[in-house]
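Each remark here refers to the structure printed beneath this line.
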Number of protein chains: 2
Amino acid sequence: MNTAYAVDLLFESVKAKGPVCIGLDSEAEYVPQSERRKAESAAISVLHFNRAVIDATYDIAACYKVQIAPYEEMGIAGLSAYRDTLCHIRSKRSLIIADIKRGDIAETAKHYAKAHFSGDFDADFATLNPYMGMDTLAPWLKEAEAKGKGAFVLIRTSNPGMKDFECQKLANGKPLYYEIGDRLAELAMRNMGVMGYGIFGAVVGCTGKEEAAEIRERYKNLFFLIPGYGAQGGAAENAALLLREGNGGVVNASRSIITAWQKEEGAENADNSFAAEAARRAAVKMRDDILNALRK
Amino acid sequence: MNTAYAVDLLFESVKAKGPVCIGLDSEAEYVPQSERRKAESAAISVLHFNRAVIDATYDIAACYKVQIAPYEEMGIAGLSAYRDTLCHIRSKRSLIIADIKRGDIAETAKHYAKAHFSGDFDADFATLNPYMGMDTLAPWLKEAEAKGKGAFVLIRTSNPGMKDFECQKLANGKPLYYEIGDRLAELAMRNMGVMGYGIFGAVVGCTGKEEAAEIRERYKNLFFLIPGYGAQGGAAENAALLLREGNGGVVNASRSIITAWQKEEGAENADNSFAAEAARRAAVKMRDDILNALRK
């Protein structure tokens, strides 16, 4: 039995290291060429790259979000690199968000929950898509309770298409994402970690200021996974508004951190340690920007 | 360049073989014990089982739907069995629906589309979750156009939770699933196969009679993937209503076909060929039930 849920550990991690979540949406093109030439395969080059980035950042990252899609693209070799990347994050006692956005009927959800909360792809959190209904989340919740895990459920993302369905106004007056968020908030009251956050949180993209403040106010007990950092101006200020006293959320950045090395002087001769140090600087700058915005 | 899209091939397949889609949601527990004991691993036992079922049914199944979740649960070994199952289906010139329900922002969707329309996990169709918006479908459509592939987008499923969000009434008077379906119908008009169906179809679960007739009438140009067969009474009649002149959809059954052997006399001594023959009989019966319902 776990004494604490993943959301409690994440709360402690944010307190100790700040709210930056590093997204390892790594693909071969992000790896310095010298390293790509050395590695036996594209997938192995990505794994080595990830390990270097993790080694250089685990003391300043609240957690890592690993987007499974680029690994899936590389097939079995890629998913082996995904597995080994998770393993390396665990070896640093860091927390893993498996960004898999799964969502399926109950029987199938059981398989998915076991797939990502144990075995080769064991992670601390999974991202989930709620479209098919609350019964698709139930098996995940059961597994999460048994194993001290957590999840972030999509409510309001920051891609342009979020207007299409997520933000549709319902007959009851709410946008769809509030309908879903409200159900998650109910769930949080029944399934809460010791720090006052539900063991299932929500994915809430960086949005405009007013909306960010409104969402934070409405869902005090939901821990947020906040993607979309840097995609628009005022990122640190907006992200800060989605936090709650500097905690209650992690702000993800992927490419802006792991490809930071490409904009640095000497990039043409870069190796993984060069790239990893650049990633560290980018992550520290992002953390400080958000912490500064919180002080305002 | 492809002269036909996957949806055209599926249309031809339904015409020749009937509308039954066999769901290979296979897990080790579905495999006869004698075979499980022989195989080196659970994943390998599932692969051998799948091959036997495919060999016994490919001439009477319109296509196969392979639900990736139970394979993901077995980690890398499971996904290797998934890959090899797809390969075996292809070797029979049968069509594959990868039931993966992916849905993510554009950049990530590109990776997913490449993952499932080429390489290890190459399939003819993928199932997609539209919650995050139409821009999440665009990269799939681009890949599908280039490679002659297709997709089935979730609109109205048949699990109890579909009431939670899918069926929510919007301020514009439509249920959410019609809002999504209408966008797909628009897409179909611009991206149509030669048989008059959009290259992207929709997942529409077996529902009550009135609703089935209404959905079919509304979306004449959408090919349907129809799950939930047999979960309620009048399955064949309701499924028939979701077809259009006996085509325009495939009706999926998974467990009722691949575990049919467990209810047969002699099950305690079953091997894979016993199980495969039972699967064939169950699939033939299902096909005939639907064809009979169509004649009414």
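Quick note on naming: the chains in the structure tokens go A, B, ... in the order shown, residues restart at 1 in each chain, and ligands are numbered from 1 in order of appearance.
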
Apply DSSP to the structure's backbone, then extract all residues of region 80-132 of chain A labelled helix (DSSP H, G or I) and return them as an mmCIF file with N, CA, C and O atoms, in the first residue's frame.
```cif
data_model
loop_
_atom_site.group_PDB
_atom_site.id
_atom_site.type_symbol
_atom_site.label_atom_id
_atom_site.label_comp_id
_atom_site.auth_asym_id
_atom_site.auth_seq_id
_atom_site.Cartn_x
_atom_site.Cartn_y
_atom_site.Cartn_z
ATOM 1 N N SER A 80 10.580 0.566 -27.186
ATOM 2 C CA SER A 80 11.626 0.099 -26.271
ATOM 3 C C SER A 80 12.396 1.307 -25.714
ATOM 4 O O SER A 80 12.740 1.340 -24.528
ATOM 5 N N ALA A 81 12.639 2.305 -26.558
ATOM 6 C CA ALA A 81 13.291 3.532 -26.090
ATOM 7 C C ALA A 81 12.383 4.289 -25.115
ATOM 8 O O ALA A 81 12.858 4.882 -24.136
ATOM 9 N N TYR A 82 11.088 4.241 -25.368
ATOM 10 C CA TYR A 82 10.115 4.845 -24.443
ATOM 11 C C TYR A 82 10.208 4.159 -23.076
ATOM 12 O O TYR A 82 10.355 4.809 -22.045
ATOM 13 N N ARG A 83 10.144 2.824 -23.095
ATOM 14 C CA ARG A 83 10.259 2.051 -21.848
ATOM 15 C C ARG A 83 11.549 2.398 -21.106
ATOM 16 O O ARG A 83 11.540 2.666 -19.899
ATOM 17 N N ASP A 84 12.660 2.443 -21.829
ATOM 18 C CA ASP A 84 13.949 2.684 -21.184
ATOM 19 C C ASP A 84 14.091 4.130 -20.705
ATOM 20 O O ASP A 84 14.812 4.400 -19.742
ATOM 21 N N THR A 85 13.405 5.041 -21.384
ATOM 22 C CA THR A 85 13.389 6.440 -20.927
ATOM 23 C C THR A 85 12.647 6.532 -19.595
ATOM 24 O O THR A 85 13.136 7.166 -18.643
ATOM 25 N N LEU A 86 11.484 5.883 -19.502
ATOM 26 C CA LEU A 86 10.737 5.896 -18.236
ATOM 27 C C LEU A 86 11.596 5.301 -17.122
ATOM 28 O O LEU A 86 11.641 5.807 -15.999
ATOM 29 N N CYS A 87 12.290 4.230 -17.459
ATOM 30 C CA CYS A 87 13.136 3.543 -16.489
ATOM 31 C C CYS A 87 14.227 4.491 -15.968
ATOM 32 O O CYS A 87 14.521 4.522 -14.770
ATOM 33 N N HIS A 88 14.792 5.275 -16.859
ATOM 34 C CA HIS A 88 15.847 6.208 -16.450
ATOM 35 C C HIS A 88 15.286 7.325 -15.560
ATOM 36 O O HIS A 88 15.938 7.736 -14.596
ATOM 37 N N ILE A 89 14.104 7.796 -15.884
ATOM 38 C CA ILE A 89 13.479 8.827 -15.038
ATOM 39 C C ILE A 89 13.244 8.266 -13.634
ATOM 40 O O ILE A 89 13.555 8.912 -12.624
ATOM 41 N N ARG A 90 12.723 7.040 -13.587
ATOM 42 C CA ARG A 90 12.491 6.396 -12.285
ATOM 43 C C ARG A 90 13.788 6.248 -11.497
ATOM 44 O O ARG A 90 13.798 6.402 -10.279
ATOM 45 N N SER A 91 14.869 5.948 -12.201
ATOM 46 C CA SER A 91 16.151 5.739 -11.508
ATOM 47 C C SER A 91 16.624 7.025 -10.821
ATOM 48 O O SER A 91 17.453 6.979 -9.915
ATOM 49 N N ALA A 106 -14.866 0.583 -20.642
ATOM 50 C CA ALA A 106 -14.348 0.070 -19.373
ATOM 51 C C ALA A 106 -13.424 -1.129 -19.516
ATOM 52 O O ALA A 106 -12.323 -1.151 -18.954
ATOM 53 N N GLU A 107 -13.856 -2.141 -20.281
ATOM 54 C CA GLU A 107 -13.060 -3.368 -20.391
ATOM 55 C C GLU A 107 -11.685 -3.062 -20.975
ATOM 56 O O GLU A 107 -10.664 -3.575 -20.514
ATOM 57 N N THR A 108 -11.676 -2.216 -21.956
ATOM 58 C CA THR A 108 -10.438 -1.839 -22.623
ATOM 59 C C THR A 108 -9.597 -0.922 -21.737
ATOM 60 O O THR A 108 -8.367 -1.025 -21.698
ATOM 61 N N ALA A 109 -10.280 -0.032 -21.026
ATOM 62 C CA ALA A 109 -9.576 0.898 -20.141
ATOM 63 C C ALA A 109 -8.791 0.148 -19.073
ATOM 64 O O ALA A 109 -7.710 0.566 -18.671
ATOM 65 N N LYS A 110 -9.330 -0.993 -18.626
ATOM 66 C CA LYS A 110 -8.606 -1.820 -17.655
ATOM 67 C C LYS A 110 -7.242 -2.232 -18.195
ATOM 68 O O LYS A 110 -6.239 -2.183 -17.492
ATOM 69 N N HIS A 111 -7.253 -2.672 -19.453
ATOM 70 C CA HIS A 111 -5.986 -3.074 -20.078
ATOM 71 C C HIS A 111 -5.024 -1.899 -20.171
ATOM 72 O O HIS A 111 -3.842 -2.019 -19.871
ATOM 73 N N TYR A 112 -5.555 -0.775 -20.610
ATOM 74 C CA TYR A 112 -4.699 0.412 -20.733
ATOM 75 C C TYR A 112 -4.119 0.816 -19.369
ATOM 76 O O TYR A 112 -2.946 1.178 -19.265
ATOM 77 N N ALA A 113 -4.970 0.785 -18.351
ATOM 78 C CA ALA A 113 -4.507 1.207 -17.023
ATOM 79 C C ALA A 113 -3.393 0.281 -16.529
ATOM 80 O O ALA A 113 -2.403 0.734 -15.955
ATOM 81 N N LYS A 114 -3.572 -1.007 -16.771
ATOM 82 C CA LYS A 114 -2.504 -1.931 -16.382
ATOM 83 C C LYS A 114 -1.262 -1.706 -17.226
ATOM 84 O O LYS A 114 -0.138 -1.804 -16.732
ATOM 85 N N ALA A 115 -1.463 -1.394 -18.505
ATOM 86 C CA ALA A 115 -0.321 -1.158 -19.397
ATOM 87 C C ALA A 115 0.550 -0.011 -18.916
ATOM 88 O O ALA A 115 1.768 -0.064 -19.029
ATOM 89 N N HIS A 116 -0.087 1.039 -18.372
ATOM 90 C CA HIS A 116 0.662 2.260 -18.083
ATOM 91 C C HIS A 116 0.876 2.523 -16.596
ATOM 92 O O HIS A 116 1.537 3.487 -16.226
ATOM 93 N N GLY A 119 4.436 -2.753 -15.302
ATOM 94 C CA GLY A 119 5.116 -3.395 -16.424
ATOM 95 C C GLY A 119 6.066 -2.474 -17.173
ATOM 96 O O GLY A 119 6.567 -1.494 -16.619
ATOM 97 N N ASP A 120 6.262 -2.775 -18.439
ATOM 98 C CA ASP A 120 7.241 -2.047 -19.254
ATOM 99 C C ASP A 120 7.015 -0.539 -19.259
ATOM 100 O O ASP A 120 7.968 0.235 -19.334
ATOM 101 N N PHE A 121 5.739 -0.137 -19.259
ATOM 102 C CA PHE A 121 5.423 1.286 -19.456
ATOM 103 C C PHE A 121 4.941 1.958 -18.169
ATOM 104 O O PHE A 121 4.196 2.948 -18.203
#
```

Near chain B, 8 Å: chain A residue rows, closest pairs, only C-alpha atoms, as a tab-separated table:
```
residue	atom	partner	partner_atom	distance
A:Ala69	CA	B:Tyr112	CA	5.2
A:Pro70	CA	B:His111	CA	5.2
A:Glu72	CA	B:Ala115	CA	5.5
A:Glu73	CA	B:Ala115	CA	3.7
A:Met74	CA	B:Ala115	CA	6.8
A:Gly75	CA	B:Asp120	CA	5.2
A:Ile76	CA	B:Ser80	CA	6.7
A:Leu79	CA	B:Ile76	CA	7.0
A:Ser80	CA	B:Ile76	CA	6.7
A:Lys101	CA	B:Gly103	CA	7.0
A:Arg102	CA	B:Arg102	CA	6.8
A:Gly103	CA	B:Lys101	CA	7.0
A:Asp104	CA	B:Lys101	CA	7.3
A:Ile105	CA	B:Asn159	CA	6.4
A:Thr108	CA	B:Ala69	CA	6.1
A:Ala109	CA	B:Ala69	CA	7.5
A:His111	CA	B:Pro70	CA	5.2
A:Tyr112	CA	B:Ala69	CA	5.2
A:Ala113	CA	B:Glu73	CA	7.9
A:Lys114	CA	B:Glu73	CA	5.8
A:Ala115	CA	B:Glu73	CA	3.7
A:His116	CA	B:Glu73	CA	7.5
A:Gly119	CA	B:Gly75	CA	6.6
A:Asp120	CA	B:Gly75	CA	5.2
A:Phe121	CA	B:Gly75	CA	6.7
A:Asn129	CA	B:Tyr131	CA	7.5
A:Tyr131	CA	B:Tyr131	CA	6.0
A:Met132	CA	B:Met162	CA	5.3
A:Gly133	CA	B:Gly161	CA	4.1
A:Met134	CA	B:Gly161	CA	5.6
A:Asp135	CA	B:Gly161	CA	5.2
A:Thr136	CA	B:Gly161	CA	7.3
A:Thr157	CA	B:Met132	CA	7.0
A:Asn159	CA	B:Ile105	CA	6.5
A:Pro160	CA	B:Asp135	CA	7.2
A:Gly161	CA	B:Gly133	CA	4.1
A:Met162	CA	B:Gly133	CA	5.3
A:Lys163	CA	B:Gly133	CA	7.0
A:Asp164	CA	B:Gly133	CA	5.2
A:Phe165	CA	B:Gly133	CA	6.0
A:Glu166	CA	B:Met132	CA	6.5
A:Gln168	CA	B:Leu170	CA	7.0
A:Lys169	CA	B:Ala171	CA	5.6
A:Leu170	CA	B:Leu170	CA	3.9
A:Ala171	CA	B:Ala171	CA	4.1
A:Asn172	CA	B:Ala171	CA	7.5
A:Gly173	CA	B:Ala171	CA	7.2
A:Leu176	CA	B:Phe165	CA	7.7
A:Glu179	CA	B:Phe165	CA	7.9
A:Ile180	CA	B:Phe165	CA	7.6
```

Near Ser256 (chain B), within 9 Å and counting only C-alpha atoms, which residues show up once chain neighbours fewer than 5 positions away are dropped, as a list of chain:residue names?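 Listing them by chain and then by number gives B:Gly230, B:Ala279, B:Ala282, B:Ala283.
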
Could the residues in this selection be written to a file with all heavy atoms, as an mmCIF file, in the first residue's frame?
```cif
data_model
loop_
_atom_site.group_PDB
_atom_site.id
_atom_site.type_symbol
_atom_site.label_atom_id
_atom_site.label_comp_id
_atom_site.auth_asym_id
_atom_site.auth_seq_id
_atom_site.Cartn_x
_atom_site.Cartn_y
_atom_site.Cartn_z
ATOM 1 N N GLY B 230 -24.630 -7.182 -29.851
ATOM 2 C CA GLY B 230 -24.921 -8.264 -28.912
ATOM 3 C C GLY B 230 -24.948 -7.821 -27.467
ATOM 4 O O GLY B 230 -25.313 -8.588 -26.590
ATOM 5 N N ALA B 279 -14.962 -19.832 -33.642
ATOM 6 C CA ALA B 279 -15.006 -18.411 -34.018
ATOM 7 C C ALA B 279 -15.656 -18.267 -35.390
ATOM 8 O O ALA B 279 -16.483 -17.377 -35.613
ATOM 9 C CB ALA B 279 -13.588 -17.822 -34.028
ATOM 10 N N ALA B 282 -19.383 -18.738 -35.103
ATOM 11 C CA ALA B 282 -20.015 -17.564 -34.471
ATOM 12 C C ALA B 282 -20.078 -16.392 -35.442
ATOM 13 O O ALA B 282 -21.073 -15.657 -35.488
ATOM 14 C CB ALA B 282 -19.247 -17.181 -33.205
ATOM 15 N N ALA B 283 -19.028 -16.223 -36.219
ATOM 16 C CA ALA B 283 -19.002 -15.108 -37.178
ATOM 17 C C ALA B 283 -20.012 -15.331 -38.295
ATOM 18 O O ALA B 283 -20.703 -14.400 -38.727
ATOM 19 C CB ALA B 283 -17.595 -14.935 -37.745
#
```

Given the choices B:Glu265, B:Asp124, B:Glu40, B:Glu245, which gets closest to Leu9 (chain B) if the distance is worked out from only C-alpha atoms? B:Asp124

7 Å contact set for Ile22 (chain B), only C-alpha atoms, chain neighbours under 2 positions out, as a PyMOL selection string: chain B and resi 20+24+61+63-65+252-254

How about saving the chosen residues, all heavy atoms kept, as a short mmCIF file (atom, residue, chain, number, x, y, z; two decimals), in the first residue's frame?
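Okay, this is what ended up in again_17.cif:
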```
data_model
loop_
_atom_site.label_atom_id
_atom_site.label_comp_id
_atom_site.auth_asym_id
_atom_site.auth_seq_id
_atom_site.Cartn_x
_atom_site.Cartn_y
_atom_site.Cartn_z
N VAL B 20 -19.48 -8.33 -41.29
CA VAL B 20 -18.92 -8.66 -39.97
C VAL B 20 -17.45 -8.26 -39.87
O VAL B 20 -16.63 -8.61 -40.71
CB VAL B 20 -19.07 -10.17 -39.67
CG1 VAL B 20 -18.29 -10.54 -38.41
CG2 VAL B 20 -20.54 -10.53 -39.51
N LEU B 24 -10.21 -8.54 -32.69
CA LEU B 24 -9.17 -9.35 -32.05
C LEU B 24 -8.66 -8.65 -30.79
O LEU B 24 -7.50 -8.27 -30.68
CB LEU B 24 -8.03 -9.62 -33.04
CG LEU B 24 -8.42 -10.45 -34.28
CD1 LEU B 24 -7.27 -10.50 -35.29
CD2 LEU B 24 -8.82 -11.87 -33.88
N ALA B 61 -14.99 -12.58 -43.11
CA ALA B 61 -14.93 -11.33 -42.33
C ALA B 61 -14.62 -10.17 -43.27
O ALA B 61 -13.71 -10.25 -44.09
CB ALA B 61 -13.86 -11.42 -41.25
N CYS B 63 -13.39 -7.43 -42.35
CA CYS B 63 -12.13 -6.86 -41.88
C CYS B 63 -11.91 -7.30 -40.45
O CYS B 63 -12.78 -7.95 -39.86
CB CYS B 63 -12.18 -5.32 -41.94
SG CYS B 63 -13.49 -4.61 -40.93
N TYR B 64 -10.77 -6.96 -39.92
CA TYR B 64 -10.46 -7.23 -38.51
C TYR B 64 -10.21 -5.91 -37.80
O TYR B 64 -9.57 -5.02 -38.34
CB TYR B 64 -9.21 -8.12 -38.38
CG TYR B 64 -9.44 -9.49 -38.96
CD1 TYR B 64 -9.19 -9.74 -40.31
CD2 TYR B 64 -9.97 -10.51 -38.18
CE1 TYR B 64 -9.44 -11.00 -40.86
CE2 TYR B 64 -10.22 -11.77 -38.72
CZ TYR B 64 -9.96 -12.00 -40.05
OH TYR B 64 -10.22 -13.24 -40.59
N LYS B 65 -10.73 -5.83 -36.58
CA LYS B 65 -10.43 -4.67 -35.73
C LYS B 65 -9.54 -5.19 -34.61
O LYS B 65 -9.91 -6.10 -33.88
CB LYS B 65 -11.72 -4.09 -35.17
CG LYS B 65 -11.49 -2.87 -34.28
CD LYS B 65 -12.79 -2.23 -33.83
CE LYS B 65 -13.44 -2.92 -32.67
NZ LYS B 65 -12.64 -2.94 -31.42
N ASN B 252 -18.92 -4.76 -35.59
CA ASN B 252 -17.85 -5.46 -34.88
C ASN B 252 -18.37 -6.33 -33.74
O ASN B 252 -19.25 -5.93 -32.99
CB ASN B 252 -16.86 -4.46 -34.28
CG ASN B 252 -15.72 -5.17 -33.56
OD1 ASN B 252 -14.83 -5.72 -34.20
ND2 ASN B 252 -15.77 -5.21 -32.23
N ALA B 253 -17.81 -7.52 -33.63
CA ALA B 253 -17.97 -8.33 -32.42
C ALA B 253 -16.60 -8.89 -32.09
O ALA B 253 -15.86 -9.31 -32.98
CB ALA B 253 -18.98 -9.43 -32.63
N SER B 254 -16.28 -8.87 -30.82
CA SER B 254 -14.97 -9.34 -30.40
C SER B 254 -15.12 -10.59 -29.57
O SER B 254 -15.03 -11.71 -30.07
CB SER B 254 -14.25 -8.24 -29.61
OG SER B 254 -14.15 -7.06 -30.38
#
```

Neighbour list for Gly249 (chain B) as a short mmCIF file (atom, residue, chain, number, x, y, z; two decimals) with N, CA, C and O atoms, in the first residue's frame, cut-off 6 Å, only C-alpha atoms, skip fewer than 6 positions in-chain:
```cif
data_model
loop_
_atom_site.label_atom_id
_atom_site.label_comp_id
_atom_site.auth_asym_id
_atom_site.auth_seq_id
_atom_site.Cartn_x
_atom_site.Cartn_y
_atom_site.Cartn_z
N PHE B 223 -19.15 6.11 -43.69
CA PHE B 223 -19.04 4.67 -43.43
C PHE B 223 -18.98 4.51 -41.92
O PHE B 223 -18.26 5.24 -41.24
N PHE B 224 -19.74 3.55 -41.39
CA PHE B 224 -19.79 3.40 -39.93
C PHE B 224 -19.01 2.17 -39.46
O PHE B 224 -19.11 1.10 -40.06
N LEU B 225 -18.30 2.35 -38.39
CA LEU B 225 -17.78 1.21 -37.61
C LEU B 225 -18.73 1.08 -36.44
O LEU B 225 -18.88 2.01 -35.64
N LEU B 243 -26.76 0.15 -41.28
CA LEU B 243 -26.17 -0.08 -42.60
C LEU B 243 -27.00 0.67 -43.65
O LEU B 243 -28.08 1.18 -43.36
#
```

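CA of Asp271 (chain B) is positioned 9.3 Å from CA of Arg36 (chain B).
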
Residue list (strand (DSSP E), DSSP) for region 16-87 of chain B, as a list of chain:residue names: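 DSSP-assigned strand (DSSP E) residues in region 16-87 of chain B: B:Val20, B:Cys21, B:Ile22, B:Gly23, B:Cys63, B:Tyr64, B:Lys65, B:Val66, B:Gln67.
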
Which neighbours of Phe49 (chain A) fall inside 8 Å, counting only C-alpha atoms, when residues of the same chain fewer than 6 positions from it are skipped, and could you give them as a ChimeraX atom specification? /A:31,272,276

Rounded to one decimal place, report the CA of Gly205 (chain B)-CA of Val250 (chain B) distance in Å.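 According to the coordinates, CA of Gly205 (chain B) and CA of Val250 (chain B) are separated by 10.9 Å.
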
With a distance cut-off of 6 Å and only C-alpha atoms, select the neighbouring residues of region 147-152 of chain A, excluding the residue or stretch itself and same-chain residues fewer than 6 positions from it, and output the selection as a PyMOL selection string. chain A and resi 2+5-6+124-127+199-203

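Closest approach to Met286 (chain B) among B:Leu222, B:Glu145, B:Ala39, B:Pro19: B:Pro19, based on only C-alpha atoms.
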